[in-house]
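Below is one structure, written out as structure tokens; comments come after it.
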Amino acid sequence: MSISENLAAVRERINGAALRAGRSPEEISLMAVSKTQAAERIREAYSAGQRLFGENRVQEFAGKIDGLRDLRDTEWHMIGHLQTNKAAKAVELFCAVDSVDSLKLAEKLDAAARAIGRKLEVLVEINVGGEAAKSGLAPESPALEELFLAAPRLETLAFRGLMTVPPFTDDPQGARPYFRKLRELRETIARRRLPAVAMEQLSMGMSHDFEVAIEEGSTCVRVGTGIFGERSKA
């Protein structure tokens with residue numbers, strides 16, 4: 001199937017999952033994960049109506065952005081782990097960083113955004129499975145509380161919600177408890193009405209489990225192989 005056909009199929013599945021959950025499909029954004037994809041394949045997705053894209057590596061995206069600058073109304077989000085020494089470049093390239101996992105990184109992003117006079121939307125990454133190999137803050141971590149309490153002084157950052165990558169399971173239903181945990185965490189934080197912290201976004205669900213994520217409240221699903229096909233192992 002072509003990228004256009006894959007996008008149509010994914011959108012149809014999003015609609016179905018939303019309706020099963022008693023939600024409006026318009027509540028859910030589809031992010032095309034374009035890491036490792038050449039500019040011409042991203043253009044194909046754009047031609048099929050896709051406007052929201054997620055990239056994992058600053059250096060990789062910096063190498064292909066010049067061939068994509070003419071794509072109007074496109075949102076480029078950083079969704080991979082971001083090292084603090086690449087924060088300034090990320091602020092130049094992306095309109096949002098969906099993987100903030102420390103106060104130190106948030107401070108670097110704030111300083112970089114302040115230096116060029118812009119605002120940056122951010123999501124806080126939560127390690128719901130407690131996996132040592134993954135980035136993200138633990139739901140009960142004091143560092144998470146510290147980050148949110150610092151939000152009012154990080155004036156260029158707009159805290160919009162949470163993101164997670166749950167432990168992988170062959171059965172998509174295996175991710176359900178983790179998605180539910182993130183939704184419950186978002187609800188807990190939202191009830192506190194913390195200054196400068198909004199909780200309208202819940203970025204969770206990927207190609208193999210996004211329908212379950214939607215059923216558990218996801219507002220943005222990140223789909224790569226479901227749109228672009230399997231990545232080459234070469």
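Letters for chains follow the order of the structure tokens (A, B, ...), residue numbers begin at 1 for each chain, and ligand numbers begin at 1 in the order shown.
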
Would you mind listing what lies within 8 Å of region 208-218 of chain A as a list in words, with only C-alpha atoms counted and same-chain residues fewer than 5 positions away left out?
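So the residues in contact are Arg13, Ile14, Ala17, Ala18, Arg20, Ala21, Ile28, Pro172, Gln173, Ala175, Arg176, Phe179, Arg180, Arg183, Gln201, Leu202, Ser203, Val223 and Gly226 of chain A.
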
Could the residues in this selection be written to a file with C-alpha atoms, as an mmCIF file, in the first residue's frame?
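As a result, out_19.cif now contains:
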data_model
loop_
_atom_site.group_PDB
_atom_site.id
_atom_site.type_symbol
_atom_site.label_atom_id
_atom_site.label_comp_id
_atom_site.auth_asym_id
_atom_site.auth_seq_id
_atom_site.Cartn_x
_atom_site.Cartn_y
_atom_site.Cartn_z
ATOM 1 C CA ARG A 13 -8.920 2.976 12.590
ATOM 2 C CA ILE A 14 -8.585 6.119 14.737
ATOM 3 C CA ALA A 17 -11.446 3.428 18.140
ATOM 4 C CA ALA A 18 -12.743 6.860 19.110
ATOM 5 C CA ARG A 20 -15.998 2.666 20.376
ATOM 6 C CA ALA A 21 -14.774 4.716 23.324
ATOM 7 C CA ILE A 28 -7.335 12.797 18.522
ATOM 8 C CA PRO A 172 -1.657 -4.473 22.271
ATOM 9 C CA GLN A 173 -3.931 -5.093 25.252
ATOM 10 C CA ALA A 175 -0.237 -1.745 27.063
ATOM 11 C CA ARG A 176 -3.666 -0.870 28.455
ATOM 12 C CA PHE A 179 -2.016 3.940 29.204
ATOM 13 C CA ARG A 180 -4.584 3.968 31.988
ATOM 14 C CA ARG A 183 -4.394 9.046 32.059
ATOM 15 C CA GLN A 201 -2.553 16.639 25.918
ATOM 16 C CA LEU A 202 -1.939 12.918 26.405
ATOM 17 C CA SER A 203 0.479 11.590 23.786
ATOM 18 C CA VAL A 223 2.405 6.273 14.068
ATOM 19 C CA GLY A 226 1.709 2.068 10.111
#

How would you write, as a CSV table (one decimal) with all heavy atoms, in the first residue's frame, the set of residues in region 1-183 of chain A that DSSP gives as strand (DSSP E or B)?
chain,number,residue,atom,x,y,z
A,29,SER,N,-5.3,13.6,17.6
A,29,SER,CA,-4.4,14.0,16.5
A,29,SER,C,-3.5,12.8,16.1
A,29,SER,O,-3.2,12.0,16.9
A,29,SER,CB,-3.4,15.1,17.0
A,29,SER,OG,-4.1,16.3,17.4
A,30,LEU,N,-3.2,12.8,14.8
A,30,LEU,CA,-2.4,11.7,14.3
A,30,LEU,C,-1.0,12.4,13.9
A,30,LEU,O,-0.9,13.3,13.1
A,30,LEU,CB,-3.0,11.1,13.0
A,30,LEU,CG,-2.1,10.2,12.2
A,30,LEU,CD1,-1.6,9.0,13.0
A,30,LEU,CD2,-2.8,9.8,10.9
A,31,MET,N,0.0,11.9,14.6
A,31,MET,CA,1.4,12.3,14.4
A,31,MET,C,2.1,11.3,13.5
A,31,MET,O,2.1,10.1,13.9
A,31,MET,CB,2.1,12.5,15.7
A,31,MET,CG,3.6,12.9,15.5
A,31,MET,SD,4.5,13.1,17.0
A,31,MET,CE,3.8,14.7,17.6
A,32,ALA,N,2.6,11.6,12.4
A,32,ALA,CA,3.4,10.7,11.6
A,32,ALA,C,4.8,10.8,12.0
A,32,ALA,O,5.5,11.8,12.0
A,32,ALA,CB,3.3,11.1,10.1
A,33,VAL,N,5.3,9.6,12.5
A,33,VAL,CA,6.7,9.5,13.0
A,33,VAL,C,7.6,9.3,11.8
A,33,VAL,O,7.7,8.3,11.2
A,33,VAL,CB,6.9,8.4,14.0
A,33,VAL,CG1,8.3,8.3,14.5
A,33,VAL,CG2,5.9,8.6,15.2
A,52,LEU,N,1.2,17.0,10.9
A,52,LEU,CA,1.9,16.8,12.1
A,52,LEU,C,2.9,15.7,12.1
A,52,LEU,O,2.5,14.5,11.8
A,52,LEU,CB,0.8,16.5,13.2
A,52,LEU,CG,1.3,16.3,14.7
A,52,LEU,CD1,2.1,17.5,15.2
A,52,LEU,CD2,0.2,15.9,15.6
A,53,PHE,N,4.2,16.0,12.3
A,53,PHE,CA,5.2,15.0,12.2
A,53,PHE,C,6.1,15.0,13.5
A,53,PHE,O,6.3,16.0,14.1
A,53,PHE,CB,6.1,15.4,11.0
A,53,PHE,CG,5.5,15.2,9.7
A,53,PHE,CD1,4.7,16.3,9.1
A,53,PHE,CD2,5.5,14.1,9.0
A,53,PHE,CE1,4.1,16.2,7.9
A,53,PHE,CE2,4.9,14.0,7.7
A,53,PHE,CZ,4.2,15.0,7.2
A,54,GLY,N,6.6,13.8,13.8
A,54,GLY,CA,7.5,13.6,14.9
A,54,GLY,C,8.8,13.1,14.5
A,54,GLY,O,8.9,12.2,13.7
A,55,GLU,N,9.9,13.7,15.0
A,55,GLU,CA,11.3,13.3,14.7
A,55,GLU,C,12.0,12.9,16.0
A,55,GLU,O,11.7,13.4,17.1
A,55,GLU,CB,12.0,14.4,14.0
A,55,GLU,CG,11.6,14.6,12.6
A,55,GLU,CD,12.2,13.6,11.6
A,55,GLU,OE1,13.3,13.1,11.9
A,55,GLU,OE2,11.5,13.4,10.6
A,75,GLU,N,3.7,21.0,11.4
A,75,GLU,CA,4.2,21.0,12.7
A,75,GLU,C,5.3,19.9,12.9
A,75,GLU,O,5.0,18.8,12.6
A,75,GLU,CB,3.1,20.8,13.7
A,75,GLU,CG,2.1,21.9,13.9
A,75,GLU,CD,1.2,21.7,15.0
A,75,GLU,OE1,1.6,21.1,16.1
A,75,GLU,OE2,0.0,22.0,14.9
A,76,TRP,N,6.5,20.3,13.3
A,76,TRP,CA,7.5,19.4,13.6
A,76,TRP,C,7.8,19.3,15.1
A,76,TRP,O,8.1,20.3,15.7
A,76,TRP,CB,8.8,19.8,12.9
A,76,TRP,CG,8.7,20.1,11.4
A,76,TRP,CD1,8.6,21.3,10.8
A,76,TRP,CD2,8.7,19.1,10.4
A,76,TRP,NE1,8.5,21.1,9.4
A,76,TRP,CE2,8.5,19.8,9.2
A,76,TRP,CE3,8.7,17.7,10.4
A,76,TRP,CZ2,8.5,19.1,8.0
A,76,TRP,CZ3,8.6,17.0,9.2
A,76,TRP,CH2,8.5,17.7,8.0
A,77,HIS,N,7.6,18.1,15.6
A,77,HIS,CA,7.8,17.9,17.1
A,77,HIS,C,9.0,17.0,17.3
A,77,HIS,O,9.2,16.0,16.6
A,77,HIS,CB,6.5,17.2,17.7
A,77,HIS,CG,5.3,18.1,17.8
A,77,HIS,ND1,4.6,18.1,18.9
A,77,HIS,CD2,4.7,18.9,16.9
A,77,HIS,CE1,3.6,19.0,18.8
A,77,HIS,NE2,3.7,19.5,17.5
A,78,MET,N,9.7,17.3,18.3
A,78,MET,CA,10.8,16.4,18.8
A,78,MET,C,10.2,15.4,19.8
A,78,MET,O,9.6,15.8,20.8
A,78,MET,CB,11.9,17.2,19.5
A,78,MET,CG,13.0,16.4,20.1
A,78,MET,SD,14.0,15.5,18.9
A,78,MET,CE,15.1,14.6,19.9
A,96,ALA,N,7.7,22.1,19.1
A,96,ALA,CA,7.4,21.5,20.3
A,96,ALA,C,8.4,20.4,20.7
A,96,ALA,O,8.9,19.8,19.7
A,96,ALA,CB,6.0,20.9,20.3
A,97,VAL,N,8.6,20.2,21.9
A,97,VAL,CA,9.4,19.1,22.4
A,97,VAL,C,8.5,18.3,23.3
A,97,VAL,O,8.1,18.7,24.4
A,97,VAL,CB,10.7,19.6,23.2
A,97,VAL,CG1,11.4,18.4,23.8
A,97,VAL,CG2,11.6,20.3,22.3
A,98,ASP,N,8.2,17.0,22.9
A,98,ASP,CA,7.3,16.2,23.6
A,98,ASP,C,7.9,15.2,24.5
A,98,ASP,O,7.3,14.2,24.9
A,98,ASP,CB,6.4,15.4,22.5
A,98,ASP,CG,5.5,16.3,21.7
A,98,ASP,OD1,5.5,17.5,22.0
A,98,ASP,OD2,4.9,15.8,20.7
A,99,SER,N,9.2,15.4,24.8
A,99,SER,CA,10.0,14.4,25.6
A,99,SER,C,10.8,15.1,26.7
A,99,SER,O,11.9,14.6,26.9
A,99,SER,CB,10.9,13.6,24.6
A,99,SER,OG,11.6,14.5,23.8
A,100,VAL,N,10.3,16.1,27.3
A,100,VAL,CA,11.0,16.7,28.4
A,100,VAL,C,11.0,15.8,29.6
A,100,VAL,O,10.0,15.3,30.1
A,100,VAL,CB,10.4,18.1,28.8
A,100,VAL,CG1,11.0,18.6,30.1
A,100,VAL,CG2,10.5,19.1,27.7
A,120,LEU,N,7.8,27.8,23.2
A,120,LEU,CA,8.0,26.4,22.8
A,120,LEU,C,7.0,25.5,23.6
A,120,LEU,O,6.9,25.6,24.9
A,120,LEU,CB,9.4,25.9,23.2
A,120,LEU,CG,9.8,24.5,22.8
A,120,LEU,CD1,9.9,24.4,21.2
A,120,LEU,CD2,11.0,24.0,23.5
A,121,GLU,N,6.1,24.8,22.9
A,121,GLU,CA,5.2,23.9,23.7
A,121,GLU,C,6.0,22.6,24.1
A,121,GLU,O,6.9,22.1,23.3
A,121,GLU,CB,4.1,23.5,22.8
A,121,GLU,CG,3.1,24.7,22.5
A,121,GLU,CD,1.8,24.2,22.0
A,121,GLU,OE1,1.6,23.0,21.7
A,121,GLU,OE2,0.9,25.1,21.8
A,122,VAL,N,5.7,22.1,25.2
A,122,VAL,CA,6.4,20.9,25.7
A,122,VAL,C,5.4,19.9,26.4
A,122,VAL,O,4.4,20.3,26.9
A,122,VAL,CB,7.5,21.2,26.8
A,122,VAL,CG1,8.6,22.1,26.1
A,122,VAL,CG2,6.9,21.9,28.0
A,123,LEU,N,5.7,18.6,26.3
A,123,LEU,CA,5.1,17.6,27.0
A,123,LEU,C,6.1,17.0,27.9
A,123,LEU,O,7.3,16.9,27.6
A,123,LEU,CB,4.5,16.5,26.1
A,123,LEU,CG,3.5,16.9,25.1
A,123,LEU,CD1,3.0,15.7,24.3
A,123,LEU,CD2,2.3,17.6,25.7
A,124,VAL,N,5.7,16.5,29.1
A,124,VAL,CA,6.6,15.8,30.0
A,124,VAL,C,6.5,14.3,29.8
A,124,VAL,O,5.4,13.7,29.8
A,124,VAL,CB,6.3,16.2,31.5
A,124,VAL,CG1,7.2,15.4,32.4
A,124,VAL,CG2,6.4,17.7,31.7
A,125,GLU,N,7.7,13.7,29.6
A,125,GLU,CA,7.7,12.3,29.3
A,125,GLU,C,7.7,11.5,30.6
A,125,GLU,O,8.5,11.8,31.5
A,125,GLU,CB,9.0,11.9,28.5
A,125,GLU,CG,9.0,10.4,28.2
A,125,GLU,CD,10.1,10.0,27.2
A,125,GLU,OE1,10.9,10.9,26.9
A,125,GLU,OE2,10.1,8.8,26.8
A,126,ILE,N,6.8,10.5,30.7
A,126,ILE,CA,6.7,9.7,31.9
A,126,ILE,C,7.1,8.3,31.6
A,126,ILE,O,6.6,7.7,30.6
A,126,ILE,CB,5.2,9.7,32.4
A,126,ILE,CG1,4.8,11.2,32.7
A,126,ILE,CG2,5.1,8.9,33.7
A,126,ILE,CD1,5.5,11.9,33.8
A,137,LEU,N,10.4,10.5,33.4
A,137,LEU,CA,10.3,10.6,34.8
A,137,LEU,C,9.3,9.6,35.4
A,137,LEU,O,8.3,9.3,34.8
A,137,LEU,CB,9.9,12.0,35.2
A,137,LEU,CG,10.9,13.1,34.9
A,137,LEU,CD1,10.2,14.5,35.0
A,137,LEU,CD2,12.0,13.0,35.9
A,157,LEU,N,8.2,28.3,28.0
A,157,LEU,CA,7.7,27.0,27.8
A,157,LEU,C,6.2,26.9,28.2
A,157,LEU,O,5.8,27.4,29.2
A,157,LEU,CB,8.5,26.0,28.7
A,157,LEU,CG,10.0,25.9,28.5
A,157,LEU,CD1,10.6,24.7,29.3
A,157,LEU,CD2,10.4,25.8,27.1
A,158,ALA,N,5.5,26.3,27.3
A,158,ALA,CA,4.0,26.1,27.5
A,158,ALA,C,3.8,24.6,27.8
A,158,ALA,O,3.9,23.8,26.9
A,158,ALA,CB,3.2,26.5,26.3
A,159,PHE,N,3.6,24.2,29.1
A,159,PHE,CA,3.4,22.8,29.5
A,159,PHE,C,2.0,22.4,29.1
A,159,PHE,O,1.1,23.0,29.6
A,159,PHE,CB,3.7,22.7,31.0
A,159,PHE,CG,5.1,22.7,31.4
A,159,PHE,CD1,5.7,24.0,31.6
A,159,PHE,CD2,5.8,21.6,31.6
A,159,PHE,CE1,7.1,24.0,31.9
A,159,PHE,CE2,7.2,21.6,32.0
A,159,PHE,CZ,7.8,22.9,32.2
A,160,ARG,N,1.9,21.4,28.2
A,160,ARG,CA,0.6,21.1,27.6
A,160,ARG,C,0.1,19.7,28.1
A,160,ARG,O,-1.0,19.4,27.8
A,160,ARG,CB,0.7,21.1,26.1
A,160,ARG,CG,1.0,22.4,25.5
A,160,ARG,CD,-0.1,23.4,25.8
A,160,ARG,NE,0.0,24.7,25.2
A,160,ARG,CZ,-0.4,25.8,25.7
A,160,ARG,NH1,-1.0,25.9,26.9
A,160,ARG,NH2,-0.3,26.9,25.0
A,161,GLY,N,1.0,18.8,28.6
A,161,GLY,CA,0.5,17.5,29.0
A,161,GLY,C,1.6,16.5,29.2
A,161,GLY,O,2.8,16.9,29.5
A,162,LEU,N,1.3,15.3,29.0
A,162,LEU,CA,2.2,14.1,29.2
A,162,LEU,C,2.4,13.3,28.0
A,162,LEU,O,1.5,13.2,27.1
A,162,LEU,CB,1.7,13.3,30.4
A,162,LEU,CG,1.3,14.0,31.7
A,162,LEU,CD1,0.7,13.0,32.7
A,162,LEU,CD2,2.5,14.7,32.3
A,163,MET,N,3.5,12.6,28.0
A,163,MET,CA,3.8,11.6,26.9
A,163,MET,C,4.4,10.4,27.5
A,163,MET,O,5.0,10.4,28.6
A,163,MET,CB,4.8,12.2,25.9
A,163,MET,CG,5.1,11.3,24.7
A,163,MET,SD,6.5,10.2,25.0
A,163,MET,CE,7.8,11.2,24.3
A,164,THR,N,4.2,9.2,26.9
A,164,THR,CA,4.8,8.0,27.4
A,164,THR,C,5.0,7.0,26.2
A,164,THR,O,4.4,7.0,25.2
A,164,THR,CB,4.0,7.3,28.5
A,164,THR,OG1,4.8,6.4,29.2
A,164,THR,CG2,2.8,6.5,27.9

In terms of the shortest atom-to-atom distance over only C-alpha atoms, which of A:Gly136, A:Gly205, A:Gly22, A:Gly49 is closest to Glu5 (chain A)?
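That would be A:Gly49, the residue with the smallest distance to Glu5 (chain A).
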
Measuring between only C-alpha atoms, which one of A:Ala190, A:Val58, A:Leu68, A:Val10 shows the shortest distance to Ala87 (chain A)?
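Among A:Ala190, A:Val58, A:Leu68, A:Val10, it is A:Val58 that comes nearest to Ala87 (chain A).
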
With a distance cut-off of 10 Å and only C-alpha atoms, select the neighbouring residues of region 138-143 of chain A, excluding the residue or stretch itself and same-chain residues fewer than 5 positions from it, and output the selection as a CSV table (one decimal) with C-alpha atoms, in the first residue's frame.
chain,number,residue,atom,x,y,z
A,101,ASP,CA,12.3,14.5,31.2
A,102,SER,CA,14.2,16.7,33.6
A,103,LEU,CA,14.2,20.2,35.1
A,125,GLU,CA,7.7,12.3,29.3
A,126,ILE,CA,6.7,9.7,31.9
A,127,ASN,CA,8.3,6.3,32.3
A,128,VAL,CA,5.2,4.4,33.2
A,129,GLY,CA,6.8,1.0,33.1
A,130,GLY,CA,9.9,1.9,35.2
A,131,GLU,CA,12.2,0.6,32.5
A,148,PHE,CA,6.0,21.3,37.5
A,149,LEU,CA,6.6,23.6,40.4
A,181,LYS,CA,-1.9,4.9,34.5
A,182,LEU,CA,-0.8,7.8,32.4
A,185,LEU,CA,-1.7,10.7,36.4
A,186,ARG,CA,-2.8,13.4,34.1

From a DSSP pass on the backbone, collect the residues of region 1-126 of chain A flagged as alpha helix (DSSP H) and hand them back as number ranges by chain.
A: 3-20, 39-47, 58-64, 87-93, 103-115

With distances taken over only C-alpha atoms, which residue among A:Met204, A:Cys220, A:Leu71, A:Pro195 lies nearest Glu26 (chain A)?
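Closest candidate: A:Cys220.
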
From the list A:Gly16, A:Pro167, A:Gly117, A:Pro25, which residue is nearest Thr219 (chain A) when using only C-alpha atoms?
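Ranked by minimum distance to Thr219 (chain A), first place goes to A:Pro25.
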
Would you work out the distance separating CA of Ile3 (chain A) from CA of Phe228 (chain A), expressed in Å to one decimal?
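Separation of CA of Ile3 (chain A) and CA of Phe228 (chain A): 5.8 Å.
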
Within 10 Å of Asn6 (chain A) using only C-alpha atoms, minus same-chain residues under 4 positions, as a list in words
Met1, Ser2, Val10, Arg11, Glu12, Ala45, Ala48, Thr225, Gly226, Ile227, Phe228 and Gly229 of chain A

Mind checking which residues fall within 12 Å of region 63-66 of chain A, counting only C-alpha atoms, ignoring those fewer than 5 positions away in the same chain, and posting them as a list of chain:residue names?
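Everything that qualifies: A:Ser34, A:Lys35, A:Thr36, A:Gln37, A:Ala38, A:Ala39, A:Glu40, A:Arg41, A:Ile42, A:Arg43, A:Glu55, A:Arg57, A:Val58, A:Leu71, A:Thr74, A:Trp76, A:Glu92, A:Leu93, A:Phe94.
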